[in-house]
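query13.cif (mmCIF, C-alpha atoms) appears below.
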data_query
#
loop_
_atom_site.group_PDB
_atom_site.id
_atom_site.type_symbol
_atom_site.label_atom_id
_atom_site.label_comp_id
_atom_site.auth_asym_id
_atom_site.auth_seq_id
_atom_site.Cartn_x
_atom_site.Cartn_y
_atom_site.Cartn_z
ATOM 1 C CA MET A 1 0.000 0.000 0.000
ATOM 2 C CA GLY A 2 1.332 3.424 -0.960
ATOM 3 C CA ILE A 3 0.848 6.777 0.741
ATOM 4 C CA LYS A 4 -2.770 7.811 0.151
ATOM 5 C CA LEU A 5 -2.823 11.106 -1.748
ATOM 6 C CA LEU A 6 -5.850 13.146 -2.803
ATOM 7 C CA CYS A 7 -5.127 15.633 -5.599
ATOM 8 C CA THR A 8 -7.483 18.249 -7.062
ATOM 9 C CA ARG A 9 -5.600 18.771 -10.327
ATOM 10 C CA ASP A 10 -4.847 16.368 -13.139
ATOM 11 C CA PHE A 11 -1.182 16.977 -13.945
ATOM 12 C CA GLY A 12 -1.306 14.577 -16.872
ATOM 13 C CA LYS A 13 -0.513 10.892 -17.268
ATOM 14 C CA LYS A 14 3.264 11.279 -17.295
ATOM 15 C CA SER A 15 3.375 13.454 -14.161
ATOM 16 C CA ILE A 16 0.858 11.303 -12.279
ATOM 17 C CA SER A 17 2.942 8.220 -13.094
ATOM 18 C CA GLY A 18 6.001 9.990 -11.707
ATOM 19 C CA ILE A 19 4.163 10.672 -8.441
ATOM 20 C CA GLN A 20 3.062 7.025 -8.246
ATOM 21 C CA ARG A 21 6.671 5.896 -8.656
ATOM 22 C CA LEU A 22 7.535 7.866 -5.520
ATOM 23 C CA GLY A 23 5.246 5.531 -3.593
ATOM 24 C CA TYR A 24 1.898 7.347 -3.651
ATOM 25 C CA ASP A 25 -1.552 5.912 -4.187
ATOM 26 C CA ILE A 26 -3.086 8.944 -5.896
ATOM 27 C CA GLU A 27 -6.717 9.842 -6.552
ATOM 28 C CA VAL A 28 -7.522 12.889 -8.687
ATOM 29 C CA VAL A 29 -10.775 14.806 -8.149
ATOM 30 C CA GLU A 30 -11.209 18.411 -9.373
ATOM 31 C CA ASP A 31 -11.688 21.138 -6.713
ATOM 32 C CA ASP A 32 -15.255 21.972 -7.732
ATOM 33 C CA ASN A 33 -16.365 18.340 -7.469
ATOM 34 C CA LEU A 34 -14.617 17.496 -4.226
ATOM 35 C CA TYR A 35 -17.234 16.573 -1.640
ATOM 36 C CA TYR A 36 -16.219 14.376 1.270
ATOM 37 C CA LYS A 37 -16.488 10.652 0.671
ATOM 38 C CA ASP A 38 -15.651 7.783 2.989
ATOM 39 C CA GLU A 39 -12.830 6.691 0.696
ATOM 40 C CA PHE A 40 -11.039 9.967 1.482
ATOM 41 C CA LYS A 41 -10.759 9.130 5.189
ATOM 42 C CA ASP A 42 -7.401 7.400 4.714
ATOM 43 C CA ALA A 43 -5.793 10.203 2.693
ATOM 44 C CA GLU A 44 -2.514 11.282 4.279
ATOM 45 C CA VAL A 45 -1.674 14.034 1.775
ATOM 46 C CA LEU A 46 -3.907 16.618 0.064
ATOM 47 C CA LEU A 47 -2.724 18.585 -2.993
ATOM 48 C CA CYS A 48 -5.197 21.359 -3.749
ATOM 49 C CA TYR A 49 -6.111 24.980 -4.324
ATOM 50 C CA ASP A 50 -9.445 25.493 -2.556
ATOM 51 C CA PRO A 51 -11.752 22.516 -2.047
ATOM 52 C CA PHE A 52 -12.539 23.590 1.510
ATOM 53 C CA LYS A 53 -16.011 24.979 0.866
ATOM 54 C CA THR A 54 -17.222 21.414 0.264
ATOM 55 C CA LEU A 55 -14.457 19.182 1.630
ATOM 56 C CA ASP A 56 -14.529 18.764 5.419
ATOM 57 C CA ILE A 57 -10.972 17.906 6.406
ATOM 58 C CA GLY A 58 -12.193 17.444 9.977
ATOM 59 C CA LYS A 59 -13.361 13.997 8.888
ATOM 60 C CA MET A 60 -9.996 13.101 7.348
ATOM 61 C CA ASN A 61 -8.387 11.667 10.465
ATOM 62 C CA LYS A 62 -5.208 10.475 8.757
ATOM 63 C CA LEU A 63 -4.463 13.748 6.975
ATOM 64 C CA LYS A 64 -0.945 14.937 7.857
ATOM 65 C CA TRP A 65 0.009 17.364 5.105
ATOM 66 C CA ILE A 66 -1.762 19.861 2.817
ATOM 67 C CA GLN A 67 0.162 21.236 -0.156
ATOM 68 C CA LEU A 68 -1.537 24.300 -1.639
ATOM 69 C CA PHE A 69 -1.095 25.236 -5.284
ATOM 70 C CA SER A 70 -1.352 28.910 -4.294
ATOM 71 C CA VAL A 71 0.966 31.266 -2.440
ATOM 72 C CA GLY A 72 -1.885 32.781 -0.417
ATOM 73 C CA ILE A 73 -3.428 30.678 2.346
ATOM 74 C CA ASP A 74 -6.634 32.668 2.936
ATOM 75 C CA GLN A 75 -8.766 29.727 1.812
ATOM 76 C CA ALA A 76 -7.208 27.173 4.189
ATOM 77 C CA PRO A 77 -9.284 26.066 7.241
ATOM 78 C CA LYS A 78 -6.736 27.261 9.791
ATOM 79 C CA ASP A 79 -8.626 26.094 12.913
ATOM 80 C CA ASP A 80 -8.823 22.507 11.654
ATOM 81 C CA ILE A 81 -5.182 22.620 10.574
ATOM 82 C CA ARG A 82 -4.086 23.796 14.030
ATOM 83 C CA LYS A 83 -6.341 21.328 15.842
ATOM 84 C CA LYS A 84 -5.164 18.336 13.825
ATOM 85 C CA ASN A 85 -1.529 19.523 13.705
ATOM 86 C CA ILE A 86 -1.469 19.276 9.911
ATOM 87 C CA ILE A 87 1.588 20.551 8.026
ATOM 88 C CA LEU A 88 0.628 23.273 5.529
ATOM 89 C CA THR A 89 2.882 24.186 2.618
ATOM 90 C CA ASN A 90 2.284 26.681 -0.174
ATOM 91 C CA ASN A 91 3.692 27.621 -3.580
ATOM 92 C CA LYS A 92 5.936 30.394 -2.314
ATOM 93 C CA GLY A 93 8.207 31.598 -5.090
ATOM 94 C CA GLY A 94 6.252 29.808 -7.794
ATOM 95 C CA TYR A 95 4.813 33.008 -9.244
ATOM 96 C CA SER A 96 7.572 35.425 -8.275
ATOM 97 C CA ILE A 97 9.247 35.727 -11.685
ATOM 98 C CA PRO A 98 6.136 36.662 -13.722
ATOM 99 C CA MET A 99 4.938 38.938 -10.914
ATOM 100 C CA GLY A 100 8.332 40.617 -10.711
ATOM 101 C CA GLU A 101 8.179 41.255 -14.453
ATOM 102 C CA TRP A 102 4.611 42.559 -14.089
ATOM 103 C CA ILE A 103 5.687 45.108 -11.477
ATOM 104 C CA VAL A 104 8.393 46.484 -13.785
ATOM 105 C CA LEU A 105 5.904 46.563 -16.681
ATOM 106 C CA LYS A 106 3.310 48.552 -14.760
ATOM 107 C CA ILE A 107 5.820 51.038 -13.374
ATOM 108 C CA LEU A 108 7.129 51.766 -16.862
ATOM 109 C CA GLU A 109 3.622 51.961 -18.328
ATOM 110 C CA MET A 110 2.623 54.590 -15.761
ATOM 111 C CA LEU A 111 5.760 56.699 -16.115
ATOM 112 C CA LYS A 112 5.673 56.498 -19.914
ATOM 113 C CA HIS A 113 1.905 57.207 -20.139
ATOM 114 C CA SER A 114 1.277 54.049 -22.156
ATOM 115 C CA GLN A 115 -2.443 54.063 -21.440
ATOM 116 C CA LYS A 116 -2.788 57.541 -22.941
ATOM 117 C CA PHE A 117 -0.903 56.502 -26.065
ATOM 118 C CA TYR A 118 -3.089 53.408 -26.497
ATOM 119 C CA GLU A 119 -6.142 55.639 -26.268
ATOM 120 C CA LYS A 120 -4.675 58.021 -28.857
ATOM 121 C CA GLN A 121 -3.950 55.111 -31.174
ATOM 122 C CA LYS A 122 -7.489 53.826 -30.759
ATOM 123 C CA ASN A 123 -8.804 57.246 -31.787
ATOM 124 C CA LYS A 124 -6.146 57.781 -34.494
ATOM 125 C CA ILE A 125 -4.727 60.871 -32.781
ATOM 126 C CA TRP A 126 -1.111 61.804 -33.576
ATOM 127 C CA LYS A 127 -0.110 64.026 -30.663
ATOM 128 C CA MET A 128 3.163 64.149 -28.777
ATOM 129 C CA ASP A 129 3.254 63.881 -24.952
ATOM 130 C CA THR A 130 5.999 66.067 -23.459
ATOM 131 C CA GLU A 131 5.402 65.040 -19.814
ATOM 132 C CA ILE A 132 6.939 61.564 -19.949
ATOM 133 C CA LEU A 133 9.015 60.613 -16.877
ATOM 134 C CA GLU A 134 12.241 58.620 -16.585
ATOM 135 C CA LEU A 135 12.576 55.701 -14.208
ATOM 136 C CA TRP A 136 16.276 56.514 -13.817
ATOM 137 C CA GLY A 137 17.006 58.218 -10.502
ATOM 138 C CA LYS A 138 13.649 57.337 -8.928
ATOM 139 C CA THR A 139 13.217 55.612 -5.563
ATOM 140 C CA VAL A 140 11.012 52.520 -5.400
ATOM 141 C CA GLY A 141 9.739 51.438 -1.986
ATOM 142 C CA PHE A 142 8.462 47.902 -1.510
ATOM 143 C CA ILE A 143 6.008 47.186 1.300
ATOM 144 C CA GLY A 144 7.176 43.595 1.788
ATOM 145 C CA THR A 145 10.546 42.143 0.770
ATOM 146 C CA GLY A 146 9.622 38.528 -0.037
ATOM 147 C CA SER A 147 10.390 36.531 -3.161
ATOM 148 C CA ILE A 148 8.140 38.617 -5.450
ATOM 149 C CA ALA A 149 9.699 41.880 -4.289
ATOM 150 C CA LYS A 150 13.204 40.455 -4.695
ATOM 151 C CA GLU A 151 12.504 39.367 -8.271
ATOM 152 C CA ALA A 152 11.136 42.827 -9.093
ATOM 153 C CA ALA A 153 13.991 44.618 -7.321
ATOM 154 C CA SER A 154 16.633 42.623 -9.222
ATOM 155 C CA ARG A 155 15.007 43.669 -12.506
ATOM 156 C CA LEU A 156 14.641 47.319 -11.499
ATOM 157 C CA LYS A 157 18.272 47.744 -10.425
ATOM 158 C CA PRO A 158 19.658 48.101 -13.989
ATOM 159 C CA PHE A 159 17.318 51.069 -14.528
ATOM 160 C CA GLY A 160 19.377 53.119 -12.068
ATOM 161 C CA VAL A 161 16.829 53.296 -9.281
ATOM 162 C CA LYS A 162 17.196 53.235 -5.511
ATOM 163 C CA ILE A 163 15.397 50.270 -3.950
ATOM 164 C CA LEU A 164 13.933 50.512 -0.430
ATOM 165 C CA GLY A 165 12.121 47.744 1.404
ATOM 166 C CA LEU A 166 9.870 47.271 4.394
ATOM 167 C CA ASN A 167 9.841 44.146 6.550
ATOM 168 C CA THR A 168 9.079 43.316 10.174
ATOM 169 C CA LYS A 169 12.484 44.093 11.658
ATOM 170 C CA GLY A 170 14.117 46.121 8.892
ATOM 171 C CA SER A 171 16.403 43.195 8.043
ATOM 172 C CA ASP A 172 18.784 43.554 5.101
ATOM 173 C CA VAL A 173 17.618 41.826 1.911
ATOM 174 C CA GLU A 174 19.468 41.130 -1.339
ATOM 175 C CA HIS A 175 18.888 43.747 -4.099
ATOM 176 C CA PHE A 176 17.607 46.363 -1.601
ATOM 177 C CA ASP A 177 19.687 49.458 -0.839
ATOM 178 C CA LYS A 178 18.046 49.913 2.541
ATOM 179 C CA CYS A 179 15.281 48.216 4.529
ATOM 180 C CA PHE A 180 13.014 49.704 7.159
ATOM 181 C CA SER A 181 11.124 48.061 10.009
ATOM 182 C CA LEU A 182 7.338 48.080 10.053
ATOM 183 C CA GLU A 183 7.322 50.726 12.769
ATOM 184 C CA ASN A 184 9.348 53.009 10.480
ATOM 185 C CA VAL A 185 7.128 52.583 7.427
ATOM 186 C CA GLU A 186 6.446 56.325 7.182
ATOM 187 C CA ASP A 187 10.175 57.053 6.880
ATOM 188 C CA MET A 188 10.370 54.788 3.834
ATOM 189 C CA LEU A 189 7.230 56.171 2.206
ATOM 190 C CA LYS A 190 8.469 59.764 2.474
ATOM 191 C CA LEU A 191 11.427 58.813 0.260
ATOM 192 C CA SER A 192 9.566 56.732 -2.342
ATOM 193 C CA ASP A 193 8.488 57.986 -5.755
ATOM 194 C CA ILE A 194 6.864 54.620 -6.442
ATOM 195 C CA VAL A 195 5.310 52.324 -3.814
ATOM 196 C CA VAL A 196 4.834 48.619 -4.506
ATOM 197 C CA VAL A 197 2.559 46.595 -2.222
ATOM 198 C CA SER A 198 3.965 43.068 -2.060
ATOM 199 C CA ILE A 199 3.380 42.005 1.551
ATOM 200 C CA PRO A 200 1.378 38.879 2.489
ATOM 201 C CA TYR A 201 -2.197 39.439 3.624
ATOM 202 C CA THR A 202 -2.822 38.746 7.325
ATOM 203 C CA LYS A 203 -5.056 40.241 10.008
ATOM 204 C CA LYS A 204 -2.189 42.610 10.829
ATOM 205 C CA THR A 205 -1.803 43.825 7.248
ATOM 206 C CA ASN A 206 -5.531 44.359 6.630
ATOM 207 C CA HIS A 207 -5.830 48.042 5.612
ATOM 208 C CA LEU A 208 -2.158 48.512 6.503
ATOM 209 C CA VAL A 209 -1.952 51.221 3.841
ATOM 210 C CA ASN A 210 -4.509 53.658 5.252
ATOM 211 C CA GLU A 211 -5.074 57.401 5.162
ATOM 212 C CA ASN A 212 -2.204 58.045 7.581
ATOM 213 C CA LEU A 213 0.239 56.231 5.327
ATOM 214 C CA PHE A 214 -1.056 57.986 2.222
ATOM 215 C CA LYS A 215 -0.340 61.281 4.007
ATOM 216 C CA SER A 216 3.265 60.153 4.476
ATOM 217 C CA MET A 217 3.752 59.559 0.750
ATOM 218 C CA LYS A 218 5.084 62.098 -1.722
ATOM 219 C CA ASN A 219 2.670 64.150 -3.760
ATOM 220 C CA GLY A 220 2.475 62.525 -7.179
ATOM 221 C CA VAL A 221 3.374 59.049 -5.934
ATOM 222 C CA TYR A 222 2.736 55.967 -8.091
ATOM 223 C CA ILE A 223 1.195 52.824 -6.543
ATOM 224 C CA VAL A 224 1.414 49.190 -7.668
ATOM 225 C CA ASN A 225 -0.538 46.494 -5.802
ATOM 226 C CA ILE A 226 0.025 42.820 -6.666
ATOM 227 C CA ALA A 227 -0.540 41.464 -3.136
ATOM 228 C CA ARG A 228 -4.125 41.570 -1.865
ATOM 229 C CA GLY A 229 -6.715 44.311 -2.295
ATOM 230 C CA SER A 230 -7.542 44.414 1.403
ATOM 231 C CA ILE A 231 -4.039 45.594 2.314
ATOM 232 C CA LEU A 232 -5.049 48.980 0.891
ATOM 233 C CA ASP A 233 -7.869 50.951 2.466
ATOM 234 C CA GLU A 234 -9.759 51.455 -0.788
ATOM 235 C CA LYS A 235 -11.769 54.427 0.468
ATOM 236 C CA ALA A 236 -8.546 56.237 1.307
ATOM 237 C CA LEU A 237 -7.007 55.088 -1.992
ATOM 238 C CA LEU A 238 -9.963 56.457 -3.920
ATOM 239 C CA GLU A 239 -9.814 59.831 -2.192
ATOM 240 C CA ASN A 240 -6.082 60.173 -2.829
ATOM 241 C CA ILE A 241 -6.538 59.371 -6.502
ATOM 242 C CA LYS A 242 -9.293 61.983 -6.706
ATOM 243 C CA ASN A 243 -7.280 64.713 -4.981
ATOM 244 C CA GLY A 244 -4.177 64.073 -7.106
ATOM 245 C CA LYS A 245 -1.916 62.830 -4.309
ATOM 246 C CA ILE A 246 -1.559 59.615 -6.318
ATOM 247 C CA ALA A 247 -0.358 60.259 -9.866
ATOM 248 C CA GLY A 248 -1.102 56.741 -11.012
ATOM 249 C CA ALA A 249 -2.122 53.335 -9.697
ATOM 250 C CA ALA A 250 -1.774 49.833 -11.140
ATOM 251 C CA LEU A 251 -4.141 47.487 -9.329
ATOM 252 C CA ASP A 252 -3.937 43.789 -10.122
ATOM 253 C CA VAL A 253 -5.958 43.023 -6.978
ATOM 254 C CA VAL A 254 -8.937 44.689 -5.317
ATOM 255 C CA GLU A 255 -10.766 44.144 -2.065
ATOM 256 C CA ASN A 256 -13.787 42.446 -3.615
ATOM 257 C CA GLU A 257 -13.042 40.421 -6.739
ATOM 258 C CA PRO A 258 -14.208 40.580 -9.429
ATOM 259 C CA LEU A 259 -14.348 44.374 -9.320
ATOM 260 C CA ASP A 260 -17.959 45.504 -9.551
ATOM 261 C CA GLU A 261 -18.956 47.289 -12.747
ATOM 262 C CA SER A 262 -20.152 50.244 -10.667
ATOM 263 C CA SER A 263 -16.745 50.762 -9.025
ATOM 264 C CA PRO A 264 -15.312 54.251 -9.594
ATOM 265 C CA PHE A 265 -11.851 52.729 -10.107
ATOM 266 C CA TRP A 266 -12.859 51.808 -13.663
ATOM 267 C CA GLU A 267 -13.345 55.474 -14.568
ATOM 268 C CA PHE A 268 -9.912 56.940 -13.793
ATOM 269 C CA LYS A 269 -7.564 57.397 -16.743
ATOM 270 C CA ASN A 270 -4.546 57.136 -14.423
ATOM 271 C CA VAL A 271 -5.640 53.802 -12.913
ATOM 272 C CA THR A 272 -4.879 50.469 -14.580
ATOM 273 C CA ILE A 273 -7.097 47.554 -13.546
ATOM 274 C CA THR A 274 -6.070 43.970 -14.291
ATOM 275 C CA PRO A 275 -8.009 40.845 -13.159
ATOM 276 C CA HIS A 276 -5.554 39.307 -10.654
ATOM 277 C CA ASN A 277 -3.459 38.310 -13.640
ATOM 278 C CA SER A 278 0.118 39.157 -12.643
ATOM 279 C CA TRP A 279 1.011 35.570 -11.694
ATOM 280 C CA VAL A 280 0.096 34.042 -15.070
ATOM 281 C CA SER A 281 2.803 32.877 -17.472
ATOM 282 C CA ASP A 282 3.742 30.001 -19.741
ATOM 283 C CA GLN A 283 6.077 28.636 -17.054
ATOM 284 C CA VAL A 284 3.998 28.630 -13.866
ATOM 285 C CA ASP A 285 2.494 25.159 -14.296
ATOM 286 C CA ILE A 286 5.914 23.616 -14.836
ATOM 287 C CA ARG A 287 7.425 25.508 -11.901
ATOM 288 C CA ARG A 288 4.506 24.596 -9.618
ATOM 289 C CA PHE A 289 4.645 20.896 -10.459
ATOM 290 C CA ASN A 290 8.423 20.757 -9.987
ATOM 291 C CA MET A 291 8.079 22.267 -6.508
ATOM 292 C CA ILE A 292 5.241 19.883 -5.593
ATOM 293 C CA TYR A 293 7.136 16.877 -6.936
ATOM 294 C CA ASP A 294 10.198 17.861 -4.905
ATOM 295 C CA ASN A 295 8.079 18.127 -1.754
ATOM 296 C CA LEU A 296 6.380 14.781 -2.441
ATOM 297 C CA LYS A 297 9.814 13.212 -2.834
ATOM 298 C CA ARG A 298 10.948 14.767 0.446
ATOM 299 C CA TYR A 299 7.825 13.596 2.284
ATOM 300 C CA ALA A 300 8.085 10.032 0.987
ATOM 301 C CA SER A 301 11.706 9.812 2.149
ATOM 302 C CA GLY A 302 11.100 11.494 5.508
ATOM 303 C CA GLY A 303 12.893 14.705 4.520
ATOM 304 C CA LYS A 304 12.042 18.282 5.486
ATOM 305 C CA LEU A 305 9.429 19.947 3.299
ATOM 306 C CA VAL A 306 9.981 23.343 1.652
ATOM 307 C CA ASN A 307 7.564 26.283 1.892
ATOM 308 C CA ILE A 308 6.143 25.294 5.285
ATOM 309 C CA VAL A 309 3.656 27.954 6.382
ATOM 310 C CA ASP A 310 3.571 29.317 9.923
ATOM 311 C CA ILE A 311 -0.192 29.149 10.393
ATOM 312 C CA ASN A 312 -0.081 31.662 13.251
ATOM 313 C CA LYS A 313 1.847 34.277 11.243
ATOM 314 C CA GLY A 314 -0.248 33.598 8.153
ATOM 315 C CA TYR A 315 2.658 33.092 5.724
#

If you took the structure in this file and wrote it as structure tokens, what would it be?
Amino acid sequence: MGIKLLCTRDFGKKSISGIQRLGYDIEVVEDDNLYYKDEFKDAEVLLCYDPFKTLDIGKMNKLKWIQLFSVGIDQAPKDDIRKKNIILTNNKGGYSIPMGEWIVLKILEMLKHSQKFYEKQKNKIWKMDTEILELWGKTVGFIGTGSIAKEAASRLKPFGVKILGLNTKGSDVEHFDKCFSLENVEDMLKLSDIVVVSIPYTKKTNHLVNENLFKSMKNGVYIVNIARGSILDEKALLENIKNGKIAGAALDVVENEPLDESSPFWEFKNVTITPHNSWVSDQVDIRRFNMIYDNLKRYASGGKLVNIVDINKGY
């Protein structure tokens, strides 16, 4: 008998065979169809994104490890995981490269007024814009210095920018010129021409970027959010876009997704809305499976898993 594994994604015959050769007895059921069945009671490992609305892991008494396909863990039933002492791992780093590229893209689009040029092209208007900004010499401040921020920072460095970062203790991080502690966030924001929100969402970071922090930012600041919409106080964000404090915003995430058609964010010419798309690329499926396969190999051999989540910290 192999290790009982319940998986909510069909990785294909070749990949599934590879998992079986590691010593797993695997059953594949898609997330949306995953209701609890008695045959799941012996599952020791669960590979999934979010089956938890219908799958009651409280009944899975042999479950020892949940491997999420996502980086975020909002969907995970944390009380059951704590109670049953289940190991939770995520896909940390799996989307960092495309998201790092996305951050650079959006910064350049805002500074180079790409949206205005696309609109001119659509309307066949040949008119020069003499207010284009350079990225060279600017200061970019990252709220959060994890793997996504590091990938973006490494790509921004050749543009001749200064890179600042914010983390819990102000610890030094590769590619960052200087890091600030959470209690000194205002000091970082005062220096930043561009602010990138890349911190994990937790109870502590809910509405972390509020009116007080917007007041600390430079007039004409640019904002990029690829983390979670709820980290920004959207009422305060809206007001600071209206009053011109924020020169431009690129929002890949919003508080309530999908963004309602009545939202005023759709109407601003200096706001770019994308549908939580920054993580998508032609390589993410390969990268995700390789990480999962490595963890399955480690688990089967009794090794230490990578990307273990501290359920109390939330990341």

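Using all atoms listed in the file, the nearest neighbour of A:Asp74 within the list A:Arg288, A:Tyr49, A:Leu251, A:Ile107 is A:Tyr49.
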
- [ ] Considering all atoms listed in the file, return as a list in words whatever protein or nucleic-acid residues lie within 8 Å of stretch 115-126 of chain A, sequence-local ones (same chain, fewer than 5 positions apart) excluded.
- [x] Glu109, Met110, Lys269 and Asn270 of chain A

Task: Reference answer for the PyMOL selection byres ((chain A and resi 209) around 10), as a PyMOL selection string - done: chain A and resi 143+185+197+205-208+210-214+230-234+236-237

TODO: Starting from the shown file, work through the PyMOL selection byres ((chain A and resi 76) around 12) and note down what comes out as an MDAnalysis selection string.
DONE: chainID A and resid 46 48:53 55:57 66:75 77:82 86:90 309 311 314:315

- [ ] Write out as a list in words which residues come within 6 Å of A:Leu5 when counting only C-alpha atoms, dropping same-chain ones fewer than 2 positions away.
- [x] Asp25, Ile26, Ala43, Val45 and Leu46 of chain A

Point (5.8, 47.3, 14.5), cut-off 12 Å, counting only C-alpha atoms, residues as a PDB file with C-alpha atoms, keeping the file's coordinate frame:
ATOM      1  CA  LEU A 166       9.870  47.271   4.394  1.00  0.00           C
ATOM      2  CA  ASN A 167       9.841  44.146   6.550  1.00  0.00           C
ATOM      3  CA  THR A 168       9.079  43.316  10.174  1.00  0.00           C
ATOM      4  CA  LYS A 169      12.484  44.093  11.658  1.00  0.00           C
ATOM      5  CA  GLY A 170      14.117  46.121   8.892  1.00  0.00           C
ATOM      6  CA  PHE A 180      13.014  49.704   7.159  1.00  0.00           C
ATOM      7  CA  SER A 181      11.124  48.061  10.009  1.00  0.00           C
ATOM      8  CA  LEU A 182       7.338  48.080  10.053  1.00  0.00           C
ATOM      9  CA  GLU A 183       7.322  50.726  12.769  1.00  0.00           C
ATOM     10  CA  ASN A 184       9.348  53.009  10.480  1.00  0.00           C
ATOM     11  CA  VAL A 185       7.128  52.583   7.427  1.00  0.00           C
ATOM     12  CA  GLU A 186       6.446  56.325   7.182  1.00  0.00           C
ATOM     13  CA  LYS A 204      -2.189  42.610  10.829  1.00  0.00           C
ATOM     14  CA  THR A 205      -1.803  43.825   7.248  1.00  0.00           C
ATOM     15  CA  LEU A 208      -2.158  48.512   6.503  1.00  0.00           C
TER      16      LEU A 208
END

Open item on the list: Between A:Glu44, A:Asp252, A:Asp172, A:Asp38, which residue has the minimum interatomic distance to A:Ile223, considering only C-alpha atoms?
Closed with: A:Asp252

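Coordinates place atom CA of A:Lys162 at a distance of 15.5 Å from atom CA of A:Lys218.
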
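Each of A:Ala300, A:Leu6, A:Ser192, A:Gly12 was compared to A:Glu27 using all atoms listed in the file, and A:Leu6 turns out to be the nearest.
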
TODO: Given the file shown, enumerate the residues that the PyMOL selection byres ((chain A and resi 21) around 12) captures and present them as a PyMOL selection string.
DONE: chain A and resi 2-3+14-20+22-26+293+296-297+300

Task: Selection as an MDAnalysis selection string: residues within 10 Å of (6.2, 62.3, -23.3), counting all atoms listed in the file - done: chainID A and resid 111:114 117 127:134

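The spacing separating atom CA of A:Asn290 from atom CA of A:Gly93 amounts to 11.9 Å.
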
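The space between atom CA of A:Lys245 and atom CA of A:Ser96 spans 29.3 Å.
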
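Taking all atoms listed in the file into account, A:Gly146 lies nearest to A:Pro200 out of the set A:Pro200, A:Leu191, A:Gly160, A:Thr272.
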
Task: Residue contacts of A:Glu151 (9 Å, only C-alpha atoms) excluding same-chain residues fewer than 5 positions away, as a ChimeraX atom specification - done: /A:96-101,146,156,175

Pull out stretch 92-96 of chain A, keep all heavy atoms, and write it as an mmCIF file, in the first residue's frame.
data_model
loop_
_atom_site.group_PDB
_atom_site.id
_atom_site.type_symbol
_atom_site.label_atom_id
_atom_site.label_comp_id
_atom_site.auth_asym_id
_atom_site.auth_seq_id
_atom_site.Cartn_x
_atom_site.Cartn_y
_atom_site.Cartn_z
ATOM 1 N N LYS A 92 5.109 29.199 -2.438
ATOM 2 C CA LYS A 92 5.936 30.394 -2.314
ATOM 3 C C LYS A 92 7.042 30.386 -3.353
ATOM 4 O O LYS A 92 7.759 29.406 -3.509
ATOM 5 C CB LYS A 92 6.553 30.463 -0.912
ATOM 6 C CG LYS A 92 7.420 31.688 -0.671
ATOM 7 C CD LYS A 92 7.999 31.652 0.726
ATOM 8 C CE LYS A 92 8.918 32.845 0.962
ATOM 9 N NZ LYS A 92 9.535 32.811 2.319
ATOM 10 N N GLY A 93 7.175 31.480 -4.066
ATOM 11 C CA GLY A 93 8.207 31.598 -5.090
ATOM 12 C C GLY A 93 7.781 31.110 -6.464
ATOM 13 O O GLY A 93 8.440 31.416 -7.456
ATOM 14 N N GLY A 94 6.676 30.392 -6.524
ATOM 15 C CA GLY A 94 6.252 29.808 -7.794
ATOM 16 C C GLY A 94 5.789 30.823 -8.818
ATOM 17 O O GLY A 94 5.836 30.557 -10.021
ATOM 18 N N TYR A 95 5.320 31.975 -8.338
ATOM 19 C CA TYR A 95 4.813 33.008 -9.244
ATOM 20 C C TYR A 95 5.676 34.265 -9.224
ATOM 21 O O TYR A 95 5.323 35.279 -9.817
ATOM 22 C CB TYR A 95 3.386 33.388 -8.856
ATOM 23 C CG TYR A 95 2.437 32.215 -8.753
ATOM 24 C CD1 TYR A 95 1.694 31.986 -7.597
ATOM 25 C CD2 TYR A 95 2.280 31.329 -9.806
ATOM 26 C CE1 TYR A 95 0.822 30.915 -7.506
ATOM 27 C CE2 TYR A 95 1.413 30.254 -9.724
ATOM 28 C CZ TYR A 95 0.684 30.045 -8.573
ATOM 29 O OH TYR A 95 -0.172 28.979 -8.484
ATOM 30 N N SER A 96 6.794 34.216 -8.529
ATOM 31 C CA SER A 96 7.572 35.425 -8.275
ATOM 32 C C SER A 96 8.168 36.035 -9.538
ATOM 33 O O SER A 96 8.228 37.264 -9.670
ATOM 34 C CB SER A 96 8.683 35.126 -7.264
ATOM 35 O OG SER A 96 8.135 34.700 -6.044
#
